[in-house]
Amino acid sequence: MKYLVTGSAGFIGFTVVRKLLQRGDSVVGIDTVNDYYDPKIKEARLAVLNETARSSNSGYAFVRSNLADRESVNQTFEDHKPKRVINLAAQAGVRYSLENPHAYVESNIVGFTNILEACRYNGVEHLAYASTSSVYGANTNMPFSEHNGVDHPLQFYAATKKANELMAHSYSHLYRLPTTGLRFFTVYGPWGRPDMALFLFTKNILEGKPIPVFNNGNHTRDFTYVDDIAEGVVRVIDQAAAPNPEWDPSNPDPASSNAPFRIYNIGNNSPVKLMDYISAIEKALGKKAELDLLPLQPGDVPDTYANVENLMSAVDYKPAMPVEEGVANFVAWYREYYQV
């Protein structure tokens, strides 16, 4: 089976590609390798994927391209003819969407449109794509369920991801393209993004600098380990979305459809207080943090908590890595990668 994975130099994309290669699948990766954060770590991930492909004797190709470039996307599909597509490329970051919304339109809307069209015209069997827990926005009904409406995003990033879900449904309905949206909950772990809390906190603590703690530390997050995310993604892509025979148009379920369309949460189903997360980092580092307590930032969601019953029912899987162990794994990777 040949898979195409967009965002393959990114944190989650890299982990998913490595997992596919390790089990012997043929993979085509696409990434523009932009400078939203340090491209050196992206290039290092790509080097690991090259080595993984060699050691596992798996078919692997990498295309350096921007998904907003329609001709390049179409050429990649024509050249490699993937049967299953995992779209993980996106302009990420909640706070950055307040500064540069146009970047989110180009990557998350234009780029995703090009992927949908390429899937439509190239006989793709299943498209899985990244959504986010941020779509729950102003919802306070915990744990967050895919069966709840998500029409009140609190920032533009979440709005573009909700748009992706709507766009996917239209293609599932019109062209019977099986699509599955995956709402990720605060992903962390080795090879993580330098703009995310775990990376920033670890760096600052080691350097003796204060760490910015928003909402005065009163956040709770359903922190989900990246390998758990990758396992969920692979299980989902291997089971093409199907119509829900019990779907009722007079009482429509947002998580399914009479088209081949599904939405799943992928979260640890075990929210952790931010201060406990910081304590886990301190324990792994053997060093106390200096806290810079700050107010809630515009667009931030105070709490997240994933209901993962649908995921468990569909693919018999639930993320389970304890935060303390996952944080320790990240710290060990960070010390090795940066030689500190």
# chains A, B, ... in the order shown; residues from 1 in each chain; ligands from 1
$ select_by_dssp --residues "stretch 17-254 of chain A" --states "alpha helix (DSSP H)" --output "ChimeraX atom specification"
/A:17-22,39-56,70-80,96-99,101-104,111-121,156-175,197-206,226-237
$ residues_around --residues "stretch 54-65 of chain A" --least-positions-apart "4" --cutoff "7 Å" --atoms "only C-alpha atoms" --output "number ranges by chain"
A: 21-22, 24-32, 50, 72
$ residues_around --residues "stretch 180-197 of chain A" --least-positions-apart "6" --cutoff "8 Å" --atoms "only C-alpha atoms" --output "ChimeraX atom specification"
/A:10-11,37-38,41,45,126-133,165,221-227,229,233,236-237,240-241,261-268,304-306,326-327,329-331,333-334
$ residues_around --residues "A:Pro245" --least-positions-apart "6" --cutoff "12 Å" --atoms "only C-alpha atoms" --output "number ranges by chain"
A: 253, 256-261
$ write_last_selection --atoms "all heavy atoms" --output "CSV table (one decimal), in the first residue's frame"
chain,number,residue,atom,x,y,z
A,253,ASP,N,-26.0,14.0,13.3
A,253,ASP,CA,-24.9,13.8,14.2
A,253,ASP,C,-23.6,14.4,13.5
A,253,ASP,O,-23.2,14.0,12.4
A,253,ASP,CB,-24.6,12.3,14.3
A,253,ASP,CG,-23.3,11.9,15.0
A,253,ASP,OD1,-22.8,12.8,15.7
A,253,ASP,OD2,-22.8,10.8,14.8
A,256,SER,N,-20.6,12.0,12.1
A,256,SER,CA,-20.8,11.0,11.0
A,256,SER,C,-21.8,11.6,10.0
A,256,SER,O,-22.2,12.8,10.0
A,256,SER,CB,-21.2,9.7,11.5
A,256,SER,OG,-22.5,9.8,12.1
A,257,SER,N,-22.2,10.8,9.0
A,257,SER,CA,-23.0,11.2,7.9
A,257,SER,C,-23.6,10.1,7.1
A,257,SER,O,-23.2,8.9,7.3
A,257,SER,CB,-22.1,12.1,7.0
A,257,SER,OG,-22.9,12.5,5.8
A,258,ASN,N,-24.5,10.4,6.2
A,258,ASN,CA,-24.9,9.4,5.2
A,258,ASN,C,-23.9,9.3,4.1
A,258,ASN,O,-24.0,8.5,3.2
A,258,ASN,CB,-26.3,9.6,4.7
A,258,ASN,CG,-26.5,11.0,4.1
A,258,ASN,OD1,-25.5,11.7,4.0
A,258,ASN,ND2,-27.7,11.3,3.7
A,259,ALA,N,-22.9,10.1,4.1
A,259,ALA,CA,-21.7,10.1,3.2
A,259,ALA,C,-20.6,9.3,4.0
A,259,ALA,O,-20.6,9.2,5.2
A,259,ALA,CB,-21.3,11.5,2.8
A,260,PRO,N,-19.5,8.9,3.3
A,260,PRO,CA,-18.4,8.2,3.9
A,260,PRO,C,-17.5,9.3,4.7
A,260,PRO,O,-16.4,9.7,4.2
A,260,PRO,CB,-17.7,7.5,2.8
A,260,PRO,CG,-18.0,8.4,1.6
A,260,PRO,CD,-19.4,8.9,1.8
A,261,PHE,N,-17.9,9.7,5.8
A,261,PHE,CA,-17.3,10.8,6.6
A,261,PHE,C,-17.3,10.5,8.1
A,261,PHE,O,-18.4,10.1,8.6
A,261,PHE,CB,-18.1,12.1,6.3
A,261,PHE,CG,-17.8,13.2,7.2
A,261,PHE,CD1,-16.8,14.1,6.8
A,261,PHE,CD2,-18.6,13.5,8.3
A,261,PHE,CE1,-16.6,15.2,7.7
A,261,PHE,CE2,-18.4,14.5,9.1
A,261,PHE,CZ,-17.3,15.4,8.8
$ residues_around --residues "stretch 109-125 of chain A" --least-positions-apart "5" --cutoff "10 Å" --atoms "only C-alpha atoms" --output "ChimeraX atom specification"
/A:3,6,66-78,81-91,102-104,160-161,163-164,167-168,171-172,174-179,237-241
$ write_last_selection --atoms "C-alpha atoms" --output "PDB file, in the first residue's frame"
ATOM      1  CA  TYR A   3       0.626   6.314   1.488  1.00  0.00           C
ATOM      2  CA  THR A   6       1.760  15.835   3.928  1.00  0.00           C
ATOM      3  CA  ASN A  66       4.002  23.877  -0.833  1.00  0.00           C
ATOM      4  CA  LEU A  67       0.465  22.474  -0.835  1.00  0.00           C
ATOM      5  CA  ALA A  68      -0.779  25.853  -2.032  1.00  0.00           C
ATOM      6  CA  ASP A  69       1.062  25.121  -5.319  1.00  0.00           C
ATOM      7  CA  ARG A  70      -1.712  23.275  -7.139  1.00  0.00           C
ATOM      8  CA  GLU A  71       0.421  22.157 -10.080  1.00  0.00           C
ATOM      9  CA  SER A  72       3.042  20.652  -7.790  1.00  0.00           C
ATOM     10  CA  VAL A  73       0.428  18.790  -5.754  1.00  0.00           C
ATOM     11  CA  ASN A  74      -1.197  17.408  -8.890  1.00  0.00           C
ATOM     12  CA  GLN A  75       2.173  16.340 -10.286  1.00  0.00           C
ATOM     13  CA  THR A  76       3.036  14.539  -7.059  1.00  0.00           C
ATOM     14  CA  PHE A  77      -0.207  12.557  -7.158  1.00  0.00           C
ATOM     15  CA  GLU A  78       0.308  11.769 -10.839  1.00  0.00           C
ATOM     16  CA  LYS A  81      -0.306   7.430  -7.348  1.00  0.00           C
ATOM     17  CA  PRO A  82      -0.950   7.046  -3.602  1.00  0.00           C
ATOM     18  CA  LYS A  83      -3.954   5.031  -2.473  1.00  0.00           C
ATOM     19  CA  ARG A  84      -4.278   6.567   0.986  1.00  0.00           C
ATOM     20  CA  VAL A  85      -3.528  10.144   1.997  1.00  0.00           C
ATOM     21  CA  ILE A  86      -2.801  11.568   5.452  1.00  0.00           C
ATOM     22  CA  ASN A  87      -2.931  15.372   5.435  1.00  0.00           C
ATOM     23  CA  LEU A  88      -0.952  16.696   8.410  1.00  0.00           C
ATOM     24  CA  ALA A  89       0.472  19.805   6.746  1.00  0.00           C
ATOM     25  CA  ALA A  90      -0.963  22.985   8.206  1.00  0.00           C
ATOM     26  CA  GLN A  91      -0.057  26.367   9.541  1.00  0.00           C
ATOM     27  CA  HIS A 102      -3.245  34.897   5.739  1.00  0.00           C
ATOM     28  CA  ALA A 103      -0.720  32.115   6.382  1.00  0.00           C
ATOM     29  CA  TYR A 104      -3.596  29.974   7.663  1.00  0.00           C
ATOM     30  CA  THR A 160      -9.740  27.054   9.465  1.00  0.00           C
ATOM     31  CA  LYS A 161      -9.699  23.562  10.951  1.00  0.00           C
ATOM     32  CA  ALA A 163     -13.580  24.662   7.696  1.00  0.00           C
ATOM     33  CA  ASN A 164     -11.474  21.621   6.763  1.00  0.00           C
ATOM     34  CA  MET A 167     -14.877  20.935   3.137  1.00  0.00           C
ATOM     35  CA  ALA A 168     -14.121  17.244   3.623  1.00  0.00           C
ATOM     36  CA  TYR A 171     -16.285  15.974  -0.991  1.00  0.00           C
ATOM     37  CA  SER A 172     -17.457  12.871   0.841  1.00  0.00           C
ATOM     38  CA  LEU A 174     -20.471  14.840  -3.700  1.00  0.00           C
ATOM     39  CA  TYR A 175     -17.745  12.434  -4.806  1.00  0.00           C
ATOM     40  CA  ARG A 176     -18.046   9.622  -2.227  1.00  0.00           C
ATOM     41  CA  LEU A 177     -14.466  10.269  -1.165  1.00  0.00           C
ATOM     42  CA  PRO A 178     -14.005   8.612   2.255  1.00  0.00           C
ATOM     43  CA  THR A 179     -12.646  11.234   4.672  1.00  0.00           C
ATOM     44  CA  ILE A 237      -6.194   5.518   7.802  1.00  0.00           C
ATOM     45  CA  ASP A 238      -6.295   1.741   7.427  1.00  0.00           C
ATOM     46  CA  GLN A 239     -10.058   1.723   7.971  1.00  0.00           C
ATOM     47  CA  ALA A 240     -11.758   3.867   5.344  1.00  0.00           C
ATOM     48  CA  ALA A 241     -14.639   6.010   6.549  1.00  0.00           C
TER      49      ALA A 241
END
$ select_by_dssp --residues "stretch 122-324 of chain A" --states "strand (DSSP E)" --output "PDB file with C-alpha atoms, in the first residue's frame"
ATOM      1  CA  HIS A 126      -9.242   7.226   1.999  1.00  0.00           C
ATOM      2  CA  LEU A 127      -8.183  10.690   3.160  1.00  0.00           C
ATOM      3  CA  ALA A 128      -7.431  11.277   6.846  1.00  0.00           C
ATOM      4  CA  TYR A 129      -6.600  14.816   7.912  1.00  0.00           C
ATOM      5  CA  ALA A 130      -5.592  16.753  10.996  1.00  0.00           C
ATOM      6  CA  SER A 131      -8.171  18.769  12.831  1.00  0.00           C
ATOM      7  CA  THR A 132      -7.745  20.058  16.384  1.00  0.00           C
ATOM      8  CA  THR A 179     -12.646  11.234   4.672  1.00  0.00           C
ATOM      9  CA  THR A 180     -11.800  11.099   8.369  1.00  0.00           C
ATOM     10  CA  GLY A 181     -11.001  14.148  10.488  1.00  0.00           C
ATOM     11  CA  LEU A 182      -8.801  13.683  13.545  1.00  0.00           C
ATOM     12  CA  ARG A 183      -9.077  16.187  16.371  1.00  0.00           C
ATOM     13  CA  PHE A 184      -5.698  16.139  18.109  1.00  0.00           C
ATOM     14  CA  VAL A 187       0.454  16.651  21.269  1.00  0.00           C
ATOM     15  CA  TYR A 188       3.873  16.408  22.946  1.00  0.00           C
ATOM     16  CA  ILE A 211       8.883  30.260  31.849  1.00  0.00           C
ATOM     17  CA  PRO A 212       5.712  32.061  30.704  1.00  0.00           C
ATOM     18  CA  VAL A 213       2.709  30.457  32.411  1.00  0.00           C
ATOM     19  CA  THR A 220      -5.817  21.867  32.142  1.00  0.00           C
ATOM     20  CA  ARG A 221      -4.851  20.008  28.998  1.00  0.00           C
ATOM     21  CA  THR A 224      -1.330  13.290  24.263  1.00  0.00           C
ATOM     22  CA  TYR A 225       1.985  11.576  23.503  1.00  0.00           C
ATOM     23  CA  PHE A 261     -17.309  10.795   6.553  1.00  0.00           C
ATOM     24  CA  ARG A 262     -16.135  10.500  10.160  1.00  0.00           C
ATOM     25  CA  ILE A 263     -14.691  12.710  12.901  1.00  0.00           C
ATOM     26  CA  TYR A 264     -12.689  11.332  15.838  1.00  0.00           C
ATOM     27  CA  ASN A 265     -11.045  12.813  18.901  1.00  0.00           C
ATOM     28  CA  ILE A 266      -7.539  11.529  19.611  1.00  0.00           C
ATOM     29  CA  VAL A 272      -3.617  17.215  33.506  1.00  0.00           C
ATOM     30  CA  LYS A 273      -3.257  20.541  35.299  1.00  0.00           C
ATOM     31  CA  LEU A 291       7.427  30.982  36.859  1.00  0.00           C
ATOM     32  CA  ASP A 292       6.275  34.130  35.056  1.00  0.00           C
ATOM     33  CA  LEU A 293       2.541  34.051  35.755  1.00  0.00           C
TER      34      LEU A 293
END
$ closest_residue --among "A:Ile281, A:Val94, A:Ala255, A:Leu311" --to "A:Pro153" --atoms "only C-alpha atoms"
A:Val94
$ atom_distance --atom1 "atom CA of A:Val315" --atom2 "atom CA of A:Val135"
22.7 Å
$ closest_residue --among "A:Asn100, A:Asn251, A:Thr52, A:Asn215" --to "A:Leu296" --atoms "only C-alpha atoms"
A:Asn215
$ atom_distance --atom1 "atom CA of A:Glu43" --atom2 "atom CA of A:Ile205"
25.7 Å
$ closest_residue --among "A:Gly208, A:Gly286, A:Pro101, A:Gly7" --to "A:Tyr157" --atoms "only C-alpha atoms"
A:Pro101
$ closest_residue --among "A:Met142, A:Leu154, A:Ala9, A:Val105" --to "A:Asp35" --atoms "only C-alpha atoms"
A:Ala9
$ closest_residue --among "A:Pro143, A:Gly93, A:Ala280, A:Ala159" --to "A:Glu309" --atoms "only C-alpha atoms"
A:Pro143
$ residues_around --residues "A:Ser279" --least-positions-apart "3" --cutoff "9 Å" --atoms "only C-alpha atoms" --output "VMD selection string"
chain A and resid 274 to 276 282 to 284 288 to 289 324
$ decode --residues "stretch 205-220 of chain A" --atoms "C-alpha atoms" --output "mmCIF file, in the first residue's frame"
data_model
loop_
_atom_site.group_PDB
_atom_site.id
_atom_site.type_symbol
_atom_site.label_atom_id
_atom_site.label_comp_id
_atom_site.auth_asym_id
_atom_site.auth_seq_id
_atom_site.Cartn_x
_atom_site.Cartn_y
_atom_site.Cartn_z
ATOM 1 C CA ILE A 205 14.527 25.942 32.757
ATOM 2 C CA LEU A 206 17.879 24.573 31.596
ATOM 3 C CA GLU A 207 19.048 28.101 30.774
ATOM 4 C CA GLY A 208 17.857 29.491 34.111
ATOM 5 C CA LYS A 209 15.235 31.705 32.484
ATOM 6 C CA PRO A 210 11.625 32.166 33.672
ATOM 7 C CA ILE A 211 8.883 30.260 31.849
ATOM 8 C CA PRO A 212 5.712 32.061 30.704
ATOM 9 C CA VAL A 213 2.709 30.457 32.411
ATOM 10 C CA PHE A 214 -0.536 31.758 30.945
ATOM 11 C CA ASN A 215 -3.874 31.883 32.771
ATOM 12 C CA ASN A 216 -1.773 31.965 35.952
ATOM 13 C CA GLY A 217 -1.249 28.227 35.565
ATOM 14 C CA ASN A 218 -4.940 27.379 35.746
ATOM 15 C CA HIS A 219 -5.073 25.562 32.394
ATOM 16 C CA THR A 220 -5.817 21.867 32.142
#
